[in-house]
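Working notes, beginning with the structure itself.
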Amino acid sequence: MNLICPLCNGLKEKKVKCKNCSDYMKDYGPIVNFYDDYSPYLSNDITQLVDGVSHDCCLHLFNCDNCNYDEKVKINRVRK
Ligand SMILES: [Zn+2]
Ligand SMILES: [Zn+2]
C-alpha cells in the first residue's frame, strides 16, 4: 500500500478560496519543497515529521495572486 498526494501527482486540482478576498488561490506545491535547503538528504518520511504533519496528509502552500494572502492546506493522501 502506498499513499500518494493527488495534487503532487497531478491526479486532481484543489480549489481553495482566499479567505481575504474570495478569489481562487494558486497551489505552490508541498511545503516540504521549501525546506529542501535545510534537509536535502532527508527522506520524504522524515521531512514530513519535521512538518508535524501526519503520514496521510500532504501540506500544500496556497497563495492568492490578488492580495498575496497565503495559507497552508492539508491534502489527504490517497491509495495508489
Ligand atoms: Zn502534495
Ligand atoms: Zn486574496
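Simple scheme: letters A, B, ... for chains in C-alpha cells order, numbers from 1 for residues in each chain, numbers from 1 for ligands in the order shown.
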
Please return as a PDB file with C-alpha atoms, in the first residue's frame the residues found within 8 Å of ligand 2, counting only C-alpha atoms and all ligand atoms.
```
ATOM      1  CA  LYS A  17     -10.761  30.246  -1.984  1.00  0.00           C
ATOM      2  CA  CYS A  18      -8.893  33.104  -0.421  1.00  0.00           C
ATOM      3  CA  LYS A  19     -10.292  33.978   2.980  1.00  0.00           C
ATOM      4  CA  ASN A  20      -9.305  37.555   2.426  1.00  0.00           C
ATOM      5  CA  CYS A  21     -10.763  38.406  -0.984  1.00  0.00           C
ATOM      6  CA  SER A  22     -12.597  35.209  -2.067  1.00  0.00           C
ATOM      7  CA  ASP A  23     -10.503  34.835  -5.187  1.00  0.00           C
ATOM      8  CA  TYR A  24      -9.129  31.386  -6.019  1.00  0.00           C
ATOM      9  CA  MET A  25      -5.692  30.704  -4.638  1.00  0.00           C
ATOM     10  CA  ASN A  63      -1.128  31.798  -2.303  1.00  0.00           C
ATOM     11  CA  CYS A  64      -3.572  34.374  -3.577  1.00  0.00           C
ATOM     12  CA  ASP A  65      -2.355  36.290  -6.622  1.00  0.00           C
ATOM     13  CA  ASN A  66      -4.825  39.003  -5.905  1.00  0.00           C
ATOM     14  CA  CYS A  67      -3.979  40.030  -2.345  1.00  0.00           C
ATOM     15  CA  ASN A  68      -0.925  37.877  -1.582  1.00  0.00           C
ATOM     16  CA  TYR A  69      -2.611  36.064   1.284  1.00  0.00           C
TER      17      TYR A  69
END
```

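For ligand 1, the protein and nucleic acid residues at most 9 Å away, judged by only C-alpha atoms and all ligand atoms, amount to Ile4, Cys5, Pro6, Leu7, Cys8, Asn9, Gly29, Pro30, Ile31, Cys57, Cys58, Leu59, His60, Lys74, Ile75, Asn76 and Arg77 of chain A.
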
Check your understanding: Using only C-alpha atoms, which of the listed residues (A:Asp27, A:Glu71, A:Phe62, A:Asp56) sits closest to A:Lys12?
Key -> A:Asp27

Practice item. Pick out the closest residue to A:Arg79 from this set: A:Val16, A:Leu11, A:Leu3, A:Val32. Count only C-alpha atoms. Key: A:Leu3
